[in-house]
file my_file.cif (mmCIF, C-alpha atoms)
data_start
loop_
_atom_site.group_PDB
_atom_site.id
_atom_site.type_symbol
_atom_site.label_atom_id
_atom_site.label_comp_id
_atom_site.auth_asym_id
_atom_site.auth_seq_id
_atom_site.Cartn_x
_atom_site.Cartn_y
_atom_site.Cartn_z
ATOM 1 C CA MET V 277 -1.122 20.658 -13.176
ATOM 2 C CA THR V 278 -1.204 20.906 -16.950
ATOM 3 C CA SER V 279 -4.425 22.361 -18.280
ATOM 4 C CA ASP V 280 -4.319 20.289 -21.460
ATOM 5 C CA PRO V 281 -2.836 16.832 -20.818
ATOM 6 C CA LEU V 282 -4.031 15.584 -24.226
ATOM 7 C CA GLY V 283 -3.001 18.672 -26.157
ATOM 8 C CA GLN V 284 -0.644 16.698 -28.421
ATOM 9 C CA TRP V 285 -2.961 13.729 -28.742
ATOM 10 C CA TYR V 286 -3.086 13.831 -32.543
ATOM 11 C CA GLU V 287 0.699 13.518 -32.684
ATOM 12 C CA LYS V 288 1.455 11.277 -29.665
ATOM 13 C CA ALA V 289 -1.478 8.955 -28.949
ATOM 14 C CA GLY V 290 -0.836 5.314 -29.717
ATOM 15 C CA VAL V 291 -3.971 5.051 -31.817
ATOM 16 C CA ARG V 292 -2.697 7.934 -33.950
ATOM 17 C CA SER V 293 1.017 7.228 -34.257
ATOM 18 C CA GLY V 294 1.681 3.721 -32.944
ATOM 19 C CA VAL V 295 2.422 0.513 -34.830
ATOM 20 C CA ARG V 296 0.858 -2.903 -34.492
ATOM 21 C CA ARG V 297 3.064 -5.053 -32.271
ATOM 22 C CA ILE V 298 3.747 -8.470 -33.810
ATOM 23 C CA PHE V 299 4.534 -11.236 -31.362
ATOM 24 C CA HIS V 300 8.036 -12.653 -31.520
ATOM 25 C CA ASP V 301 8.464 -15.865 -29.543
ATOM 26 C CA ASP V 302 11.702 -15.372 -27.625
ATOM 27 C CA ALA V 303 11.139 -18.136 -25.060
ATOM 28 C CA ALA V 304 14.267 -19.879 -26.350
ATOM 29 C CA GLU V 305 16.207 -16.809 -25.208
ATOM 30 C CA GLY V 306 14.929 -17.240 -21.653
ATOM 31 C CA LYS V 307 12.133 -14.679 -21.890
ATOM 32 C CA VAL V 308 8.920 -15.150 -19.918
ATOM 33 C CA PHE V 309 5.301 -14.203 -20.553
ATOM 34 C CA PHE V 310 4.877 -12.585 -17.137
ATOM 35 C CA PRO V 311 7.354 -12.038 -14.281
ATOM 36 C CA ASP V 312 7.039 -14.723 -11.608
ATOM 37 C CA ARG V 313 7.174 -12.092 -8.840
ATOM 38 C CA LEU V 314 3.973 -10.502 -10.181
ATOM 39 C CA VAL V 315 1.959 -13.743 -10.227
ATOM 40 C CA PRO V 316 0.664 -13.895 -6.622
ATOM 41 C CA HIS V 317 -0.117 -17.607 -6.577
ATOM 42 C CA LEU V 318 3.011 -18.951 -8.249
ATOM 43 C CA ASP V 319 4.943 -19.652 -5.034
ATOM 44 C CA HIS V 320 2.050 -21.288 -3.193
ATOM 45 C CA PRO V 321 3.082 -24.812 -2.084
ATOM 46 C CA ALA V 322 0.225 -26.441 -4.013
ATOM 47 C CA VAL V 323 1.333 -24.668 -7.195
ATOM 48 C CA ALA V 324 5.038 -25.314 -6.596
ATOM 49 C CA ALA V 325 4.232 -29.026 -6.334
ATOM 50 C CA LEU V 326 2.764 -29.153 -9.846
ATOM 51 C CA PRO V 327 4.783 -30.795 -12.628
ATOM 52 C CA MET V 328 6.996 -28.129 -14.189
ATOM 53 C CA PRO V 329 5.133 -27.975 -17.552
ATOM 54 C CA ASP V 330 1.863 -27.301 -15.706
ATOM 55 C CA ARG V 331 3.391 -24.714 -13.389
ATOM 56 C CA ASP V 332 5.080 -23.041 -16.355
ATOM 57 C CA LEU V 333 1.659 -22.615 -17.968
ATOM 58 C CA LEU V 334 0.534 -20.249 -15.219
ATOM 59 C CA PRO V 335 2.564 -17.123 -16.176
ATOM 60 C CA LEU V 336 1.124 -17.354 -19.690
ATOM 61 C CA LEU V 337 -2.397 -17.719 -18.316
ATOM 62 C CA HIS V 338 -1.713 -14.754 -16.028
ATOM 63 C CA LEU V 339 -0.717 -12.684 -19.057
ATOM 64 C CA TYR V 340 -3.964 -13.694 -20.759
ATOM 65 C CA GLN V 341 -5.792 -12.668 -17.602
ATOM 66 C CA PHE V 342 -4.058 -9.270 -17.601
ATOM 67 C CA LEU V 343 -4.760 -8.637 -21.282
ATOM 68 C CA LEU V 344 -8.398 -9.741 -21.115
ATOM 69 C CA ALA V 345 -8.972 -7.696 -17.961
ATOM 70 C CA THR V 346 -7.646 -4.713 -19.912
ATOM 71 C CA THR V 347 -10.092 -5.257 -22.770
ATOM 72 C CA HIS V 348 -13.046 -5.499 -20.404
ATOM 73 C CA VAL V 349 -12.166 -2.735 -17.929
ATOM 74 C CA GLU V 350 -11.284 -0.273 -20.680
ATOM 75 C CA THR V 351 -14.503 -0.815 -22.619
ATOM 76 C CA ARG V 352 -17.025 -1.751 -19.915
ATOM 77 C CA VAL V 353 -15.876 0.556 -17.120
ATOM 78 C CA VAL V 354 -13.554 3.360 -18.228
ATOM 79 C CA ASN V 355 -15.243 4.132 -21.523
ATOM 80 C CA VAL V 356 -18.659 4.264 -19.871
ATOM 81 C CA GLY V 357 -17.327 7.140 -17.784
ATOM 82 C CA ALA V 358 -15.321 8.726 -20.595
ATOM 83 C CA GLU V 359 -18.408 8.819 -22.835
ATOM 84 C CA ARG V 360 -20.455 10.327 -20.018
ATOM 85 C CA ILE V 361 -17.901 13.083 -19.517
ATOM 86 C CA ALA V 362 -17.551 13.679 -23.253
ATOM 87 C CA THR V 363 -21.281 14.063 -23.825
ATOM 88 C CA GLY V 364 -21.817 16.417 -20.886
ATOM 89 C CA ARG V 365 -23.637 13.930 -18.628
ATOM 90 C CA ALA V 366 -21.155 13.825 -15.744
ATOM 91 C CA GLY V 367 -23.210 16.059 -13.476
ATOM 92 C CA VAL V 368 -20.678 18.878 -13.506
ATOM 93 C CA GLU V 369 -20.213 21.788 -15.902
ATOM 94 C CA LEU V 370 -17.015 21.233 -17.885
ATOM 95 C CA PRO V 371 -15.169 23.198 -20.561
ATOM 96 C CA VAL V 372 -15.710 21.945 -24.092
ATOM 97 C CA ALA V 373 -11.975 21.261 -24.371
ATOM 98 C CA MET V 374 -12.158 18.836 -21.448
ATOM 99 C CA ARG V 375 -15.140 17.078 -22.981
ATOM 100 C CA MET V 376 -13.230 16.705 -26.249
ATOM 101 C CA ASP V 377 -10.287 15.283 -24.314
ATOM 102 C CA ALA V 378 -12.671 12.703 -22.859
ATOM 103 C CA PHE V 379 -13.486 11.601 -26.418
ATOM 104 C CA LYS V 380 -9.736 11.244 -27.035
ATOM 105 C CA VAL V 381 -9.522 9.022 -23.952
ATOM 106 C CA TYR V 382 -12.468 7.032 -25.329
ATOM 107 C CA CYS V 383 -10.588 6.416 -28.597
ATOM 108 C CA ASP V 384 -7.424 5.452 -26.742
ATOM 109 C CA GLU V 385 -9.180 2.962 -24.501
ATOM 110 C CA GLY V 386 -10.838 1.201 -27.407
ATOM 111 C CA TYR V 387 -7.431 0.879 -29.032
ATOM 112 C CA HIS V 388 -5.898 -0.495 -25.829
ATOM 113 C CA ALA V 389 -8.628 -3.119 -25.724
ATOM 114 C CA LEU V 390 -7.984 -3.992 -29.375
ATOM 115 C CA TYR V 391 -4.246 -4.452 -29.112
ATOM 116 C CA SER V 392 -4.479 -6.322 -25.825
ATOM 117 C CA LEU V 393 -6.815 -8.884 -27.353
ATOM 118 C CA ASP V 394 -4.715 -8.897 -30.540
ATOM 119 C CA LEU V 395 -1.569 -9.764 -28.576
ATOM 120 C CA ALA V 396 -3.365 -12.508 -26.659
ATOM 121 C CA GLU V 397 -4.605 -14.101 -29.873
ATOM 122 C CA GLN V 398 -1.174 -13.852 -31.519
ATOM 123 C CA ILE V 399 0.405 -15.613 -28.542
ATOM 124 C CA ALA V 400 -2.300 -18.276 -28.569
ATOM 125 C CA ARG V 401 -1.547 -19.065 -32.207
ATOM 126 C CA ALA V 402 2.207 -19.214 -31.528
ATOM 127 C CA THR V 403 2.003 -21.358 -28.382
ATOM 128 C CA GLY V 404 -1.060 -23.473 -29.086
ATOM 129 C CA VAL V 405 -2.491 -22.441 -25.689
ATOM 130 C CA PRO V 406 -5.958 -20.973 -26.356
ATOM 131 C CA VAL V 407 -7.164 -17.784 -24.708
ATOM 132 C CA PRO V 408 -9.758 -18.796 -22.080
ATOM 133 C CA GLY V 409 -13.260 -17.379 -22.433
ATOM 134 C CA TRP V 410 -13.163 -15.253 -19.287
ATOM 135 C CA ASP V 411 -15.775 -12.504 -19.558
ATOM 136 C CA TYR V 412 -15.214 -10.476 -16.336
ATOM 137 C CA GLY V 413 -18.942 -9.967 -15.960
ATOM 138 C CA GLY V 414 -18.714 -10.769 -12.264
ATOM 139 C CA PHE V 415 -16.068 -8.103 -11.762
ATOM 140 C CA VAL V 416 -18.082 -5.432 -13.569
ATOM 141 C CA ALA V 417 -21.189 -6.361 -11.578
ATOM 142 C CA ARG V 418 -19.216 -6.235 -8.324
ATOM 143 C CA LEU V 419 -18.088 -2.700 -9.124
ATOM 144 C CA ALA V 420 -21.670 -1.602 -9.737
ATOM 145 C CA ASP V 421 -22.888 -3.279 -6.552
ATOM 146 C CA ALA V 422 -20.125 -1.686 -4.503
ATOM 147 C CA GLY V 423 -20.879 1.743 -5.922
ATOM 148 C CA GLY V 424 -24.521 1.350 -4.989
ATOM 149 C CA ALA V 425 -23.695 0.161 -1.479
ATOM 150 C CA LEU V 426 -21.108 2.852 -0.746
ATOM 151 C CA LEU V 427 -22.764 5.812 -2.441
ATOM 152 C CA GLY V 428 -26.432 4.908 -2.486
ATOM 153 C CA GLY V 429 -28.522 7.200 -4.644
ATOM 154 C CA GLU V 430 -25.486 8.433 -6.600
ATOM 155 C CA PRO V 431 -24.832 5.780 -9.268
ATOM 156 C CA VAL V 432 -23.311 8.195 -11.789
ATOM 157 C CA LEU V 433 -20.963 9.728 -9.244
ATOM 158 C CA ALA V 434 -19.925 6.300 -7.956
ATOM 159 C CA GLN V 435 -19.150 5.069 -11.465
ATOM 160 C CA LEU V 436 -17.142 8.183 -12.330
ATOM 161 C CA LEU V 437 -15.130 7.871 -9.132
ATOM 162 C CA GLN V 438 -14.313 4.257 -9.994
ATOM 163 C CA VAL V 439 -13.080 5.372 -13.415
ATOM 164 C CA VAL V 440 -10.884 8.011 -11.773
ATOM 165 C CA VAL V 441 -9.472 5.332 -9.478
ATOM 166 C CA PHE V 442 -8.630 2.944 -12.311
ATOM 167 C CA GLU V 443 -7.054 5.680 -14.395
ATOM 168 C CA THR V 444 -4.861 6.930 -11.562
ATOM 169 C CA LEU V 445 -3.781 3.426 -10.500
ATOM 170 C CA ILE V 446 -3.095 1.892 -13.891
ATOM 171 C CA THR V 447 0.171 3.643 -14.766
ATOM 172 C CA ALA V 448 1.890 2.303 -11.648
ATOM 173 C CA ILE V 449 0.640 -1.203 -12.433
ATOM 174 C CA LEU V 450 1.646 -1.038 -16.097
ATOM 175 C CA ASN V 451 5.157 0.108 -15.217
ATOM 176 C CA GLU V 452 5.883 -2.915 -12.992
ATOM 177 C CA ALA V 453 6.234 -5.723 -15.539
ATOM 178 C CA PRO V 454 8.277 -3.959 -18.271
ATOM 179 C CA SER V 455 11.099 -3.326 -15.800
ATOM 180 C CA ASP V 456 11.761 -7.075 -15.665
ATOM 181 C CA PRO V 457 14.639 -7.893 -18.059
ATOM 182 C CA ASP V 458 13.279 -11.399 -18.641
ATOM 183 C CA LEU V 459 9.895 -10.273 -19.957
ATOM 184 C CA ALA V 460 9.081 -11.235 -23.555
ATOM 185 C CA GLY V 461 9.944 -8.326 -25.825
ATOM 186 C CA THR V 462 6.573 -7.921 -27.514
ATOM 187 C CA VAL V 463 4.764 -8.002 -24.183
ATOM 188 C CA ARG V 464 7.099 -5.295 -22.876
ATOM 189 C CA GLU V 465 6.435 -3.142 -25.947
ATOM 190 C CA VAL V 466 2.653 -3.417 -25.617
ATOM 191 C CA LEU V 467 2.708 -2.588 -21.902
ATOM 192 C CA ARG V 468 4.959 0.401 -22.508
ATOM 193 C CA ASP V 469 2.719 1.618 -25.322
ATOM 194 C CA HIS V 470 -0.219 1.384 -22.945
ATOM 195 C CA ALA V 471 1.635 3.120 -20.102
ATOM 196 C CA ARG V 472 2.530 6.101 -22.289
ATOM 197 C CA ASP V 473 -1.115 6.754 -23.101
ATOM 198 C CA GLU V 474 -2.202 6.124 -19.539
ATOM 199 C CA GLY V 475 0.250 8.680 -18.210
ATOM 200 C CA ARG V 476 -1.685 11.312 -20.156
ATOM 201 C CA HIS V 477 -4.999 9.834 -19.014
ATOM 202 C CA HIS V 478 -3.811 10.061 -15.430
ATOM 203 C CA ARG V 479 -3.309 13.805 -15.804
ATOM 204 C CA PHE V 480 -6.675 14.206 -17.506
ATOM 205 C CA PHE V 481 -8.604 12.328 -14.832
ATOM 206 C CA THR V 482 -6.753 14.136 -12.057
ATOM 207 C CA ALA V 483 -7.903 17.423 -13.583
ATOM 208 C CA PHE V 484 -11.411 16.032 -14.015
ATOM 209 C CA PHE V 485 -11.523 14.887 -10.395
ATOM 210 C CA HIS V 486 -10.661 18.387 -9.214
ATOM 211 C CA GLU V 487 -13.560 19.750 -11.278
ATOM 212 C CA LEU V 488 -15.896 17.032 -10.011
ATOM 213 C CA TRP V 489 -14.913 17.568 -6.386
ATOM 214 C CA ALA V 490 -15.331 21.339 -6.663
ATOM 215 C CA GLY V 491 -18.870 20.844 -7.937
ATOM 216 C CA LEU V 492 -20.039 18.586 -5.102
ATOM 217 C CA SER V 493 -22.268 19.861 -2.314
ATOM 218 C CA ALA V 494 -20.807 19.955 1.190
ATOM 219 C CA GLY V 495 -22.819 16.895 2.146
ATOM 220 C CA LEU V 496 -21.658 14.878 -0.844
ATOM 221 C CA ARG V 497 -18.054 15.859 -0.194
ATOM 222 C CA ILE V 498 -18.281 14.302 3.242
ATOM 223 C CA ARG V 499 -19.819 11.108 1.838
ATOM 224 C CA VAL V 500 -17.258 10.860 -0.968
ATOM 225 C CA ALA V 501 -14.278 11.589 1.292
ATOM 226 C CA ARG V 502 -15.261 8.877 3.741
ATOM 227 C CA THR V 503 -16.201 6.234 1.160
ATOM 228 C CA PHE V 504 -13.550 6.893 -1.491
ATOM 229 C CA PRO V 505 -10.966 4.600 0.172
ATOM 230 C CA ALA V 506 -13.457 1.730 0.134
ATOM 231 C CA LEU V 507 -14.101 2.371 -3.566
ATOM 232 C CA VAL V 508 -10.355 2.201 -4.172
ATOM 233 C CA GLN V 509 -10.167 -1.090 -2.286
ATOM 234 C CA VAL V 510 -12.949 -2.574 -4.425
ATOM 235 C CA CYS V 511 -11.189 -1.512 -7.626
ATOM 236 C CA MET V 512 -7.944 -3.086 -6.406
ATOM 237 C CA THR V 513 -9.535 -6.379 -5.396
ATOM 238 C CA ALA V 514 -8.678 -8.948 -8.035
ATOM 239 C CA ASP V 515 -11.334 -10.846 -9.946
ATOM 240 C CA THR V 516 -10.395 -14.299 -8.726
ATOM 241 C CA ALA V 517 -12.711 -16.294 -11.000
ATOM 242 C CA PRO V 518 -10.123 -16.293 -13.852
ATOM 243 C CA VAL V 519 -7.362 -17.095 -11.344
ATOM 244 C CA ARG V 520 -9.273 -20.110 -10.106
ATOM 245 C CA SER V 521 -9.949 -21.181 -13.684
ATOM 246 C CA ALA V 522 -6.243 -20.850 -14.549
ATOM 247 C CA LEU V 523 -5.284 -23.002 -11.588
ATOM 248 C CA ARG V 524 -7.753 -25.654 -12.718
ATOM 249 C CA LEU V 525 -6.303 -25.528 -16.249
ATOM 250 C CA ALA V 526 -2.857 -26.096 -14.709
ATOM 251 C CA GLY V 527 -4.075 -29.261 -13.022
ATOM 252 C CA LEU V 528 -5.290 -28.359 -9.531
ATOM 253 C CA ASP V 529 -8.631 -29.696 -8.361
ATOM 254 C CA ASP V 530 -11.368 -27.198 -7.560
ATOM 255 C CA ALA V 531 -10.989 -27.368 -3.780
ATOM 256 C CA THR V 532 -7.224 -26.809 -3.924
ATOM 257 C CA ALA V 533 -7.601 -24.004 -6.453
ATOM 258 C CA GLY V 534 -10.076 -22.316 -4.123
ATOM 259 C CA GLN V 535 -7.675 -22.659 -1.211
ATOM 260 C CA VAL V 536 -4.820 -21.102 -3.230
ATOM 261 C CA VAL V 537 -7.019 -18.166 -4.190
ATOM 262 C CA ARG V 538 -8.094 -17.547 -0.597
ATOM 263 C CA GLU V 539 -4.526 -17.656 0.682
ATOM 264 C CA CYS V 540 -2.920 -15.564 -2.072
ATOM 265 C CA TYR V 541 -5.475 -12.870 -2.818
ATOM 266 C CA ASP V 542 -6.155 -11.244 0.538
ATOM 267 C CA ALA V 543 -6.335 -7.539 -0.373
ATOM 268 C CA ALA V 544 -5.199 -6.535 3.121
ATOM 269 C CA ALA V 545 -2.203 -8.880 3.231
ATOM 270 C CA ASN V 546 0.351 -6.426 1.817
ATOM 271 C CA PRO V 547 -0.287 -2.893 3.099
ATOM 272 C CA GLN V 548 3.053 -1.639 1.752
ATOM 273 C CA ARG V 549 2.122 -2.620 -1.792
ATOM 274 C CA THR V 550 -1.343 -1.099 -1.425
ATOM 275 C CA ALA V 551 0.204 2.193 -0.342
ATOM 276 C CA GLU V 552 2.713 2.125 -3.216
ATOM 277 C CA ILE V 553 0.157 1.391 -5.933
ATOM 278 C CA THR V 554 -2.273 4.025 -4.645
ATOM 279 C CA ARG V 555 0.296 6.765 -3.989
ATOM 280 C CA ALA V 556 -0.693 8.860 -7.023
ATOM 281 C CA THR V 557 -4.403 8.408 -6.306
ATOM 282 C CA VAL V 558 -3.911 9.572 -2.720
ATOM 283 C CA ALA V 559 -1.826 12.534 -3.919
ATOM 284 C CA MET V 560 -4.700 13.532 -6.206
ATOM 285 C CA CYS V 561 -7.137 13.412 -3.296
ATOM 286 C CA ARG V 562 -4.786 15.364 -1.059
ATOM 287 C CA SER V 563 -4.312 18.112 -3.654
ATOM 288 C CA ALA V 564 -8.071 18.432 -4.164
ATOM 289 C CA GLY V 565 -8.690 18.774 -0.420
ATOM 290 C CA VAL V 566 -10.381 15.416 0.136
ATOM 291 C CA LEU V 567 -8.208 14.544 3.117
ATOM 292 C CA ASP V 568 -9.117 17.845 4.787
ATOM 293 C CA VAL V 569 -12.659 16.556 5.327
ATOM 294 C CA PRO V 570 -13.142 15.366 8.930
ATOM 295 C CA GLY V 571 -12.832 11.593 9.122
ATOM 296 C CA ALA V 572 -11.287 11.218 5.660
ATOM 297 C CA ALA V 573 -7.674 10.665 6.756
ATOM 298 C CA ASP V 574 -8.810 7.976 9.191
ATOM 299 C CA ALA V 575 -10.768 6.218 6.429
ATOM 300 C CA PHE V 576 -7.753 6.339 4.111
ATOM 301 C CA ALA V 577 -5.559 4.860 6.859
ATOM 302 C CA VAL V 578 -8.033 2.106 7.736
ATOM 303 C CA HIS V 579 -8.044 0.951 4.104
ATOM 304 C CA GLY V 580 -4.247 1.005 3.875
ATOM 305 C CA LEU V 581 -3.986 3.952 1.494
ATOM 306 C CA ILE V 582 -2.005 5.910 4.087
ATOM 307 C CA LEU V 583 0.540 4.102 6.232
ATOM 308 C CA ARG V 584 0.774 5.491 9.734
ATOM 309 C CA GLU V 585 3.654 4.955 12.093
ATOM 310 C CA PRO V 586 2.719 2.754 15.054
ATOM 311 C CA SER V 587 2.170 4.794 18.207
#

call {"tool": "encode", "arguments": {"input": "my_file.cif", "output": "structure tokens"}}
result
Amino acid sequence: MTSDPLGQWYEKAGVRSGVRRIFHDDAAEGKVFFPDRLVPHLDHPAVAALPMPDRDLLPLLHLYQFLLATTHVETRVVNVGAERIATGRAGVELPVAMRMDAFKVYCDEGYHALYSLDLAEQIARATGVPVPGWDYGGFVARLADAGGALLGGEPVLAQLLQVVVFETLITAILNEAPSDPDLAGTVREVLRDHARDEGRHHRFFTAFFHELWAGLSAGLRIRVARTFPALVQVCMTADTAPVRSALRLAGLDDATAGQVVRECYDAAANPQRTAEITRATVAMCRSAGVLDVPGAADAFAVHGLILREPS
């Protein structure tokens, strides 16, 4: 594991060396705003029955959802933890260099939020489809509630663990869409810019997690090991309020939109995908010794983070 994942931050970070991406509308060339295969509700019979212009609106709305979720998670979740680490309030003694790296992460995440919202607004001007006013407050509140329920009495630790989860999941998620050859060029560029930074963040938060884990008492290690998979599951559970809103904007009535959400957003419906997306997060836990705690491996398997062969 590299001891300084952000050592070349001044030269390589997007906020230091990147360019503003200007949206180029290449829809006439067959490019799409978001790959159909990554929009969970697009093949639902109720959605497939919509008039084509309404159905075609949904990938764009899904892109807006992705970009707005980025602006909110980066600033309202990740940067809360990054600032805590940077200012020495993470509950564990850290080298000054690691705290300074946390400030670099903080700068990066603010920039990711900026260019995500910037791209959304550029696309809105080009297409005439406004960016919905989704605020993700329910999602942020759900994270806080889950942290309190799973690790009662340890709100700081719960929040930091959620940040670690997001920052070790995000690279895999960001790398999915750009591989689609039909994705709009500017969208691909922004997602790749983001993924490059997040690859360095992944290494930073993996190193931080090792420090955090090493500083926990034996009792807290047991609690964290057994509840960590549930925290991961909460972080992976989509905020369906914007999805439902998007379906309404595309012409479905509220009852049908609710039915589509229930049938397409079951977090346990695709264990293979869960295991793929969380592979790096599980590897981090394994290397730190989390899965050596009695009961931990079973908890990881129950939540689909480890796939076990049927007996």

call {"tool": "closest_residue", "arguments": {"input": "my_file.cif", "among": "V:Thr532, V:Thr363, V:Thr516, V:Ser392", "to": "Pro316 (chain V)", "atoms": "all atoms listed in the file"}}
result
V:Thr516

call {"tool": "atom_distance", "arguments": {"input": "my_file.cif", "atom1": "CA of His388 (chain V)", "atom2": "CA of Cys540 (chain V)"}}
result
28.3 Å

call {"tool": "resolve_selection", "arguments": {"input": "my_file.cif", "expression": "the PyMOL selection byres ((chain V and resi 298) around 8)", "output": "list in words"}}
result
Arg296, Arg297, Phe299, His300, Leu395, Gln398 and Thr462 of chain V

call {"tool": "atom_distance", "arguments": {"input": "my_file.cif", "atom1": "CA of Pro570 (chain V)", "atom2": "CA of Ala506 (chain V)"}}
result
16.2 Å

call {"tool": "atom_distance", "arguments": {"input": "my_file.cif", "atom1": "CA of Gln435 (chain V)", "atom2": "CA of Thr346 (chain V)"}}
result
17.3 Å

call {"tool": "residues_around", "arguments": {"input": "my_file.cif", "residues": "Ala373 (chain V)", "least_positions_apart": "2", "cutoff": "12 Å", "atoms": "only C-alpha atoms", "output": "list of chain:residue names"}}
result
V:Ser279, V:Asp280, V:Pro281, V:Leu282, V:Gly283, V:Ile361, V:Ala362, V:Thr363, V:Gly364, V:Glu369, V:Leu370, V:Pro371, V:Arg375, V:Met376, V:Asp377, V:Ala378, V:Phe379, V:Lys380, V:Phe480, V:Phe484

call {"tool": "closest_residue", "arguments": {"input": "my_file.cif", "among": "V:Phe481, V:Val308, V:Asp574, V:Val537", "to": "Ala322 (chain V)", "atoms": "all atoms listed in the file"}}
result
V:Val537

call {"tool": "closest_residue", "arguments": {"input": "my_file.cif", "among": "V:Ala559, V:Ala425, V:Leu523, V:Val295", "to": "Leu334 (chain V)", "atoms": "all atoms listed in the file"}}
result
V:Leu523

call {"tool": "residues_around", "arguments": {"input": "my_file.cif", "residues": "Cys561 (chain V)", "least_positions_apart": "6", "cutoff": "12 Å", "atoms": "only C-alpha atoms", "output": "PyMOL selection string"}}
result
chain V and resi 437+440-441+444+481-486+488-490+497+500-502+504-505+508+554-555+567-569+572-573+576+581-582

call {"tool": "closest_residue", "arguments": {"input": "my_file.cif", "among": "V:Leu459, V:Val405, V:Val368, V:Val432", "to": "Ala303 (chain V)", "atoms": "all atoms listed in the file"}}
result
V:Leu459

call {"tool": "resolve_selection", "arguments": {"input": "my_file.cif", "expression": "the PyMOL selection byres ((chain V and resi 312) around 12)", "output": "list in words"}}
result
Lys307, Val308, Phe309, Phe310, Pro311, Arg313, Leu314, Val315, Pro316, His317, Leu318, Asp319, His320, Ala324, Arg331, Asp332, Leu333, Leu334, Pro335, Leu336, Leu337, His338, Leu339, Glu452, Ala453, Asp456, Asp458 and Leu459 of chain V

call {"tool": "resolve_selection", "arguments": {"input": "my_file.cif", "expression": "the PyMOL selection byres ((chain V and resi 445) around 8)", "output": "list in words"}}
result
Val441, Phe442, Glu443, Thr444, Ile446, Thr447, Ala448, Ile449, Ile553, Thr554, Ala556 and Thr557 of chain V

call {"tool": "axis_aligned_box", "arguments": {"input": "my_file.cif", "around": "region 518-531 of chain V", "padding_each_side": "4 Å", "output": "JSON"}}
result
{"center_x": -7.1, "center_y": -23.0, "center_z": -10.0, "size_x": 16.5, "size_y": 21.4, "size_z": 20.5}
